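Chemist: Submitted below is the structure of interest, expressed as structure tokens.
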Amino acid sequence: MTQFEQDLQGRVSTARVKTRPLAWNATLASWLILAGALAGGIFLRVWQINALGYNTDEAVYAGQAAGIAQVPVLKDLFPVFRAHPLLFQFLLSLLFKNGFNDLYGRLLAAGIGMGTILLVYLVGKTLYGNLPGSLAALFIAFMPYHVVVSRQVLLDGPMAFFATLTLFMLAKYAVTERRIWLYATGAAMGLTVLSKETGIVMLGAIYVFLALARGMRIHILDVLIATLIMIAVIAPFPISMILAGGGNTGKQYLIWQLFRRANHEWTFYPTTVTPAIGMLVVLAAVLGIIFLWKERSRAEGLLISWILVPVAFFQLWPTKGFQYLLPVAPAFALLASRFTVRWQPRPLLEWMRRKLSVNWLSPVMGGVVAFSLFFTSWSTIQPAQSNSFLAGTGGVPGGREAGLWVAKNVPSGAEMVAIGPSMANIIEFYGHRKVFGLSVSPNPLYRNPSYQPVPNLDLSIRNADIQYIIWDSFSAARSAFFSNNLMKYVQKYNGRVVHVESILTTDANGKQVAQPVIIIYEVRP
């Protein structure tokens with residue numbers, strides 16, 4: 001038994017002694033909390049999960065899965081090799097072989113999210129014991145950040161699942177110091193990268209932890225073998241891309257990523273992601289590091305490394321996405337649960353025993369944090385009725401309905417143009433027609449290589465190559481310049497409104513009015 005295992009047993013025993021005045025069974029409480037986490041997690045992830053249609057990223061990933069499954073109406077619109085690895089898309093394609101439905105992708109994503117909850121419990125049990133593990137599972141189950149992303153067909157949910165699996169393997173290695181767990185860490189890390197290439201950032205967290213871990217017997221050869229195992233797991237994707245002729249796409253995508261312009265202010269993550277993780281969760285995690293500093297061990301070093309490395313990388317990286325930091329959410333939940341269970345200030349405990357006869361501190365703190373997370377998640381997952389849009393935060397009102405109208409009413413072979421690729425992807429997925437994005441740059445350095453630019457829209461309309469123009473409020477809010485340019489062509493060619501999708505909003509007088517969010521025009525030369 002390693003010294004860390006002995007210390008862990010001592011901390012768990014101490015926690016049980018401290019919680020005895022609660023007049024409850026810690027083991028029973030752990031199982032009840034875990035059951036609540038699973039039940040509440042399922043509810044939050046499937047409640048009205050398909051009320052809104054796909055957003056642009058969901059359309060792309062589901063379209064790739066449809067291409068792998070050879071779904072006739074989509075295989076030519078969404079090529080298999082675009083930008084990201086294909087592990088999740090391959091799993092989804094297996095469902096599409098038995099029937100095509102946009103609900104399947106979201107249910108698969110939600111199922112993977114439930115798997116992450118179980119993994120968080122296992123990590124917490126390994127590092128801190130049953131009760132902190134169960135409470136961490138409850139926090140991640142109710143956390144708005146994880147709930148929102150795991151309800152969508154995005155690669156970040158599966159990446160977070162495999163990153164948490166990697167964290168579990170590394171935690172087992174930290175506790176036992178058995179090399180087999182380090183090798184397993186390498187394999188899990190490979191699956192993380194196969195889910196989404198940005199998962200490679202977590203490799204830095206692993207190396208930082210191994211470099212700074214106190215008292216661990218680490219052999220360079222074992223680290224090298226684990227790294228080679230990771231490479232072997234990743235290798236099938238680049239090899240298959242090269243053999244299939246997609247190697248040039250991969251190079252173009254790398255160049256585009258390196259030269260992409262910043263899409264958000266530097267304050268984006270602190271102001272957007274921190275509330276999504278939960279202010280009380282972040283506060284509990286930070287207070288735990290401060291107030292329990294004397295009890296620190298390599299477990300805290302592991303979790304802090306797991307947070308700081310990706311946060312530093314994506315904060316410095318110009319391109320910022322809402323869901324990019326999802327792998328750090330389990331570490332925050334674990335540190336918060338540690339503080340909630342183990343912080344026992346003596347003066348407060350003595351007052352509780354004297355006045356209340358019981359110590360309700362841990363249950364009250366845990367309950368307050370969990371309730372705040374659940375309430376925020378419940379509010380967040382209600383179908384949106386606004387024209388605001390942030391990539392990665394949910395579906396797009398009216399997108400599915402507009403696409404289905406296109407599939408039913410627009411002649412086969414017709415081509416369309418939208419303000420940008422975001423709405424273009426959605427209409428392509430549901431409408432089965434080719435849609436270009438006016439905002440796609442003709443310069444390869446400044447565009448996703450998967451998208452085709454429209455060099456001369458005026459000429460395309462005059463040649464009858466493009467017959468329909470799609471305006472949407474979501475893209476217009478982000479790019480007034482291209483929205484105005486698009487509407488100039490609508491006016492020039494006497495565009496005729498053929499379809500409108502609206503949402504209900506409240507005006508200044510408190511009355512509900514229909515606000516157009518997607519308008520489709522037919523244009524003729």
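Chains: A, B, ... in order of the structure tokens. Residues: from 1 per chain. Ligands: from 1, in order shown.
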Which neighbours of segment 425-432 of chain A fall inside 6 Å, counting only C-alpha atoms, when residues of the same chain fewer than 6 positions from it are skipped, and could you give them as a tab-separated table (two decimals) with C-alpha atoms, in the first residue's frame?

Modeler:
```
chain	number	residue	atom	x	y	z
A	56	THR	CA	-24.85	24.62	-36.98
A	59	ALA	CA	-25.89	19.77	-38.16
A	403	GLY	CA	-35.19	23.43	-43.43
A	404	LEU	CA	-38.16	21.07	-43.57
A	406	VAL	CA	-37.15	23.85	-48.03
A	407	ALA	CA	-37.06	20.06	-48.37
```

Chemist: So that I can check the surroundings of Ile112 of chain A, please list as a PyMOL selection string every protein, DNA and RNA residue that reaches within 12 Å of it, counting only C-alpha atoms and ignoring chain neighbours fewer than 2 positions away.

Modeler: chain A and resi 41-42+45+88+91-92+105-110+114-119+146-147+149-162+164-165+195

Chemist: Would you output that residue set with N, CA and C atoms, as a CSV table (one decimal), in the first residue's frame?

Modeler:
```csv
chain,number,residue,atom,x,y,z
A,41,GLY,N,-29.9,13.9,-13.3
A,41,GLY,CA,-29.1,14.0,-14.5
A,41,GLY,C,-29.8,13.6,-15.7
A,42,ILE,N,-30.5,12.5,-15.6
A,42,ILE,CA,-31.3,12.0,-16.8
A,42,ILE,C,-32.4,13.0,-17.1
A,45,ARG,N,-31.2,16.1,-18.8
A,45,ARG,CA,-30.6,15.9,-20.1
A,45,ARG,C,-31.6,15.5,-21.2
A,88,PHE,N,-17.1,10.0,-32.3
A,88,PHE,CA,-18.5,10.2,-32.0
A,88,PHE,C,-19.4,10.1,-33.2
A,91,LEU,N,-20.0,6.4,-33.9
A,91,LEU,CA,-21.0,5.8,-33.0
A,91,LEU,C,-22.4,6.2,-33.5
A,92,LEU,N,-22.5,7.5,-33.8
A,92,LEU,CA,-23.9,8.0,-34.2
A,92,LEU,C,-24.3,7.3,-35.6
A,105,GLY,N,-29.1,11.6,-32.3
A,105,GLY,CA,-27.8,12.2,-31.9
A,105,GLY,C,-27.9,12.8,-30.6
A,106,ARG,N,-28.9,13.5,-30.2
A,106,ARG,CA,-29.0,14.1,-28.9
A,106,ARG,C,-29.2,13.1,-27.8
A,107,LEU,N,-29.9,12.0,-28.0
A,107,LEU,CA,-30.0,11.0,-27.0
A,107,LEU,C,-28.6,10.3,-26.8
A,108,LEU,N,-27.9,10.1,-27.9
A,108,LEU,CA,-26.5,9.5,-27.7
A,108,LEU,C,-25.7,10.4,-26.9
A,109,ALA,N,-25.7,11.7,-27.2
A,109,ALA,CA,-24.9,12.7,-26.5
A,109,ALA,C,-25.3,12.7,-25.0
A,110,ALA,N,-26.6,12.6,-24.7
A,110,ALA,CA,-27.1,12.6,-23.3
A,110,ALA,C,-26.6,11.4,-22.6
A,114,MET,N,-24.3,11.1,-19.2
A,114,MET,CA,-24.6,10.3,-18.0
A,114,MET,C,-23.4,9.4,-17.6
A,115,GLY,N,-22.7,8.9,-18.6
A,115,GLY,CA,-21.5,8.2,-18.3
A,115,GLY,C,-20.4,9.0,-17.6
A,116,THR,N,-20.4,10.3,-18.0
A,116,THR,CA,-19.4,11.2,-17.3
A,116,THR,C,-19.8,11.4,-15.9
A,117,ILE,N,-21.0,11.4,-15.5
A,117,ILE,CA,-21.5,11.5,-14.1
A,117,ILE,C,-20.9,10.4,-13.3
A,118,LEU,N,-21.1,9.2,-13.8
A,118,LEU,CA,-20.5,8.0,-13.2
A,118,LEU,C,-19.0,8.0,-13.0
A,119,LEU,N,-18.4,8.5,-14.0
A,119,LEU,CA,-16.9,8.6,-14.0
A,119,LEU,C,-16.5,9.6,-12.9
A,146,HIS,N,-22.4,21.5,-18.0
A,146,HIS,CA,-22.4,20.1,-18.5
A,146,HIS,C,-23.8,19.7,-19.0
A,147,VAL,N,-24.8,20.1,-18.4
A,147,VAL,CA,-26.2,19.8,-18.9
A,147,VAL,C,-26.4,20.3,-20.3
A,149,VAL,N,-24.3,21.3,-22.7
A,149,VAL,CA,-23.5,20.8,-23.8
A,149,VAL,C,-23.8,19.3,-24.0
A,150,SER,N,-24.1,18.5,-23.0
A,150,SER,CA,-24.4,17.1,-23.2
A,150,SER,C,-25.8,16.9,-23.7
A,151,ARG,N,-26.6,17.9,-23.9
A,151,ARG,CA,-27.9,17.8,-24.6
A,151,ARG,C,-27.8,18.0,-26.1
A,152,GLN,N,-26.6,18.2,-26.6
A,152,GLN,CA,-26.4,18.6,-28.0
A,152,GLN,C,-25.5,17.6,-28.7
A,153,VAL,N,-25.6,17.6,-30.0
A,153,VAL,CA,-24.8,16.7,-30.8
A,153,VAL,C,-23.5,17.5,-31.1
A,154,LEU,N,-22.6,17.5,-30.0
A,154,LEU,CA,-21.3,18.2,-30.1
A,154,LEU,C,-20.3,17.2,-29.7
A,155,LEU,N,-19.0,17.5,-30.1
A,155,LEU,CA,-17.9,16.6,-29.8
A,155,LEU,C,-17.4,16.9,-28.4
A,156,ASP,N,-17.7,18.0,-27.8
A,156,ASP,CA,-17.1,18.3,-26.5
A,156,ASP,C,-17.7,17.4,-25.4
A,157,GLY,N,-18.9,17.0,-25.5
A,157,GLY,CA,-19.4,16.1,-24.5
A,157,GLY,C,-18.7,14.8,-24.5
A,158,PRO,N,-18.6,14.1,-25.6
A,158,PRO,CA,-17.8,12.9,-25.7
A,158,PRO,C,-16.3,13.1,-25.3
A,159,MET,N,-15.7,14.2,-25.7
A,159,MET,CA,-14.4,14.5,-25.3
A,159,MET,C,-14.3,14.7,-23.8
A,160,ALA,N,-15.2,15.3,-23.2
A,160,ALA,CA,-15.2,15.5,-21.7
A,160,ALA,C,-15.4,14.1,-21.0
A,161,PHE,N,-16.2,13.2,-21.6
A,161,PHE,CA,-16.3,11.8,-21.1
A,161,PHE,C,-15.0,11.1,-21.1
A,162,PHE,N,-14.3,11.1,-22.2
A,162,PHE,CA,-13.0,10.4,-22.3
A,162,PHE,C,-11.9,11.1,-21.5
A,164,THR,N,-12.5,12.7,-18.7
A,164,THR,CA,-12.8,12.3,-17.3
A,164,THR,C,-12.3,10.8,-17.1
A,165,LEU,N,-12.5,10.0,-18.1
A,165,LEU,CA,-11.9,8.6,-18.0
A,165,LEU,C,-10.4,8.6,-17.8
A,195,SER,N,-12.0,11.9,-30.0
A,195,SER,CA,-13.3,12.6,-29.8
A,195,SER,C,-13.2,14.0,-30.4
```

Chemist: One number please: atom CA of Met230 of chain A to atom CA of Leu182 of chain A, in Å, one decimal.

Modeler: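 According to the coordinates, atom CA of Met230 of chain A and atom CA of Leu182 of chain A are separated by 10.8 Å.
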
Chemist: As number ranges by chain, please: every residue in segment 85-289 of chain A that a backbone DSSP assignment puts in helix (DSSP H, G or I).

Modeler: A: 87-96, 102-127, 130-142, 144-150, 156-176, 179-195, 197-212, 220-234, 236-243, 247-258, 268-277, 279-289

Chemist: One number please: atom CA of Arg178 of chain A to atom CA of Lys125 of chain A, in Å, one decimal.

Modeler: 17.8 Å

Chemist: Using only C-alpha atoms, determine which residues lie at most 12 Å from Val201 of chain A, disregarding the query and same-chain residues fewer than 6 positions distant; provide the list as a PyMOL selection string.

Modeler: chain A and resi 159+163+189-190+192-193+207-208+305-314+317+324-325+327-328

Chemist: Just the number, please: distance in Å from atom CA of Leu438 of chain A to atom CA of Ala51 of chain A, one decimal.

Modeler: 28.7 Å

Chemist: Need the shell around Trp181 of chain A: protein/DNA/RNA residues with any atom at most 10 Å away, counting only C-alpha atoms. Skip same-chain ones fewer than 2 positions apart. Format as a PyMOL selection string?

Modeler: chain A and resi 166+168-179+183-187+226

Chemist: With N, CA and C atoms retained, write the just-selected residues as a PDB file, in the first residue's frame.

Modeler:
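Wrote it out as out_38.pdb, contents follow:
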```pdb
ATOM      1  N   THR A 166      -9.771   9.524 -18.586  1.00  0.00           N
ATOM      2  CA  THR A 166      -8.323   9.714 -18.434  1.00  0.00           C
ATOM      3  C   THR A 166      -7.981  10.162 -17.021  1.00  0.00           C
ATOM      4  N   PHE A 168      -9.689   9.572 -14.351  1.00  0.00           N
ATOM      5  CA  PHE A 168      -9.891   8.430 -13.453  1.00  0.00           C
ATOM      6  C   PHE A 168      -8.685   7.493 -13.474  1.00  0.00           C
ATOM      7  N   MET A 169      -8.191   7.174 -14.665  1.00  0.00           N
ATOM      8  CA  MET A 169      -7.017   6.312 -14.779  1.00  0.00           C
ATOM      9  C   MET A 169      -5.801   6.943 -14.112  1.00  0.00           C
ATOM     10  N   LEU A 170      -5.645   8.246 -14.305  1.00  0.00           N
ATOM     11  CA  LEU A 170      -4.500   8.933 -13.708  1.00  0.00           C
ATOM     12  C   LEU A 170      -4.649   8.993 -12.184  1.00  0.00           C
ATOM     13  N   ALA A 171      -5.886   9.139 -11.697  1.00  0.00           N
ATOM     14  CA  ALA A 171      -6.117   9.132 -10.250  1.00  0.00           C
ATOM     15  C   ALA A 171      -5.769   7.768  -9.659  1.00  0.00           C
ATOM     16  N   LYS A 172      -6.132   6.697 -10.368  1.00  0.00           N
ATOM     17  CA  LYS A 172      -5.774   5.353  -9.900  1.00  0.00           C
ATOM     18  C   LYS A 172      -4.260   5.190  -9.860  1.00  0.00           C
ATOM     19  N   TYR A 173      -3.583   5.747 -10.839  1.00  0.00           N
ATOM     20  CA  TYR A 173      -2.113   5.676 -10.848  1.00  0.00           C
ATOM     21  C   TYR A 173      -1.539   6.491  -9.685  1.00  0.00           C
ATOM     22  N   ALA A 174      -2.133   7.659  -9.432  1.00  0.00           N
ATOM     23  CA  ALA A 174      -1.639   8.489  -8.339  1.00  0.00           C
ATOM     24  C   ALA A 174      -1.808   7.798  -6.992  1.00  0.00           C
ATOM     25  N   VAL A 175      -2.872   7.017  -6.844  1.00  0.00           N
ATOM     26  CA  VAL A 175      -3.141   6.342  -5.578  1.00  0.00           C
ATOM     27  C   VAL A 175      -2.301   5.076  -5.427  1.00  0.00           C
ATOM     28  N   THR A 176      -2.222   4.267  -6.496  1.00  0.00           N
ATOM     29  CA  THR A 176      -1.566   2.953  -6.392  1.00  0.00           C
ATOM     30  C   THR A 176      -0.125   2.953  -6.877  1.00  0.00           C
ATOM     31  N   GLU A 177       0.215   3.898  -7.773  1.00  0.00           N
ATOM     32  CA  GLU A 177       1.534   3.974  -8.421  1.00  0.00           C
ATOM     33  C   GLU A 177       1.844   2.706  -9.220  1.00  0.00           C
ATOM     34  N   ARG A 178       0.805   2.037  -9.705  1.00  0.00           N
ATOM     35  CA  ARG A 178       0.993   0.870 -10.567  1.00  0.00           C
ATOM     36  C   ARG A 178       1.034   1.310 -12.016  1.00  0.00           C
ATOM     37  N   ARG A 179       2.039   0.865 -12.737  1.00  0.00           N
ATOM     38  CA  ARG A 179       2.268   1.361 -14.093  1.00  0.00           C
ATOM     39  C   ARG A 179       1.127   1.035 -15.043  1.00  0.00           C
ATOM     40  N   TYR A 183      -0.422   3.312 -18.192  1.00  0.00           N
ATOM     41  CA  TYR A 183      -0.641   2.870 -19.572  1.00  0.00           C
ATOM     42  C   TYR A 183      -2.107   3.081 -19.971  1.00  0.00           C
ATOM     43  N   ALA A 184      -3.007   2.762 -19.044  1.00  0.00           N
ATOM     44  CA  ALA A 184      -4.431   2.981 -19.316  1.00  0.00           C
ATOM     45  C   ALA A 184      -4.728   4.459 -19.516  1.00  0.00           C
ATOM     46  N   THR A 185      -3.988   5.317 -18.792  1.00  0.00           N
ATOM     47  CA  THR A 185      -4.139   6.756 -18.975  1.00  0.00           C
ATOM     48  C   THR A 185      -3.795   7.153 -20.409  1.00  0.00           C
ATOM     49  N   GLY A 186      -2.731   6.570 -20.946  1.00  0.00           N
ATOM     50  CA  GLY A 186      -2.351   6.856 -22.324  1.00  0.00           C
ATOM     51  C   GLY A 186      -3.425   6.439 -23.315  1.00  0.00           C
ATOM     52  N   ALA A 187      -4.021   5.254 -23.105  1.00  0.00           N
ATOM     53  CA  ALA A 187      -5.077   4.782 -23.998  1.00  0.00           C
ATOM     54  C   ALA A 187      -6.298   5.692 -23.927  1.00  0.00           C
ATOM     55  N   ALA A 226       3.388   4.943 -22.148  1.00  0.00           N
ATOM     56  CA  ALA A 226       2.029   5.484 -22.112  1.00  0.00           C
ATOM     57  C   ALA A 226       1.792   6.448 -23.267  1.00  0.00           C
TER      58      ALA A 226
END
```

Chemist: How close does each residue of segment 380-465 of chain A get to segment 491-496 of chain A, giving the shortest atom pair and distance in Å to one decimal for every residue with an atom at most 10 Å away, counting only C-alpha atoms, sorted by chain and residue number, as JSON lines?

Modeler:
```
{"residue": "A:Asp458", "atom": "CA", "partner": "A:Tyr493", "partner_atom": "CA", "distance": 9.4}
{"residue": "A:Ile461", "atom": "CA", "partner": "A:Tyr493", "partner_atom": "CA", "distance": 8.4}
{"residue": "A:Arg462", "atom": "CA", "partner": "A:Tyr493", "partner_atom": "CA", "distance": 9.0}
```

Chemist: Could you take the residues named above and write them with C-alpha atoms, as a PDB file, in the first residue's frame?

Modeler:
```
ATOM      1  CA  ASP A 458     -24.471  39.075 -58.402  1.00  0.00           C
ATOM      2  CA  ILE A 461     -28.024  35.180 -59.420  1.00  0.00           C
ATOM      3  CA  ARG A 462     -27.943  36.559 -62.982  1.00  0.00           C
TER       4      ARG A 462
END
```

Chemist: Check the smallest atom-to-atom distance from each of A:Arg338, A:Lys320, A:Lys97, A:His264 to Arg296 of chain A using only C-alpha atoms, then report the winner.

Modeler: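 The shortest atom-to-atom distance to Arg296 of chain A comes from A:Arg338.
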
Chemist: Quick one: residues within 12 Å of Ile234 of chain A, only C-alpha atoms counted, chain neighbours fewer than 3 positions away excluded, as a list in words?

Modeler: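 Counting only C-alpha atoms, the residues come to Pro85, Leu86, Leu87, Gly186, Ala187, Ala188, Met189, Gly190, Leu191, Thr192, Val193, Leu194, Ser195, Lys196, Glu197, Gly199, Ile200, Thr227, Leu228, Ile229, Met230, Ile231, Phe237, Pro238, Ile239, Ser240 and Met241 of chain A.
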
Chemist: Using only C-alpha atoms, find the one residue out of A:Thr505, A:Ile289, A:Ala284, A:Val273 that sits nearest to Gln315 of chain A.

Modeler: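 Of A:Thr505, A:Ile289, A:Ala284, A:Val273, the one nearest Gln315 of chain A is A:Val273, counting only C-alpha atoms.
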
Chemist: Of the residues A:Ser502, A:Asn50, A:Gln452, A:Ser372, which is the one nearest to Gly398 of chain A, using only C-alpha atoms?

Modeler: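 Smallest distance to Gly398 of chain A is found for A:Ser502.
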
Chemist: Env of Ile68 of chain A: 8 Å cut, atoms = only C-alpha atoms, seq-sep filter 6 positions within chain, self excluded. Answer as a VMD selection string.

Modeler: chain A and resid 75 80 89 to 90 93

Chemist: Could the residues of segment 253-337 of chain A that have an atom at most 8 Å from segment 210-225 of chain A be listed as a tab-separated table, each with its closest atom pair and the distance in Å to one decimal, counting only C-alpha atoms and ordered by chain and ascending residue number?

Modeler:
```
residue	atom	partner	partner_atom	distance
A:Arg298	CA	A:Ala213	CA	5.8
A:Gly301	CA	A:Ala213	CA	6.8
A:Leu302	CA	A:Ala213	CA	7.9
```
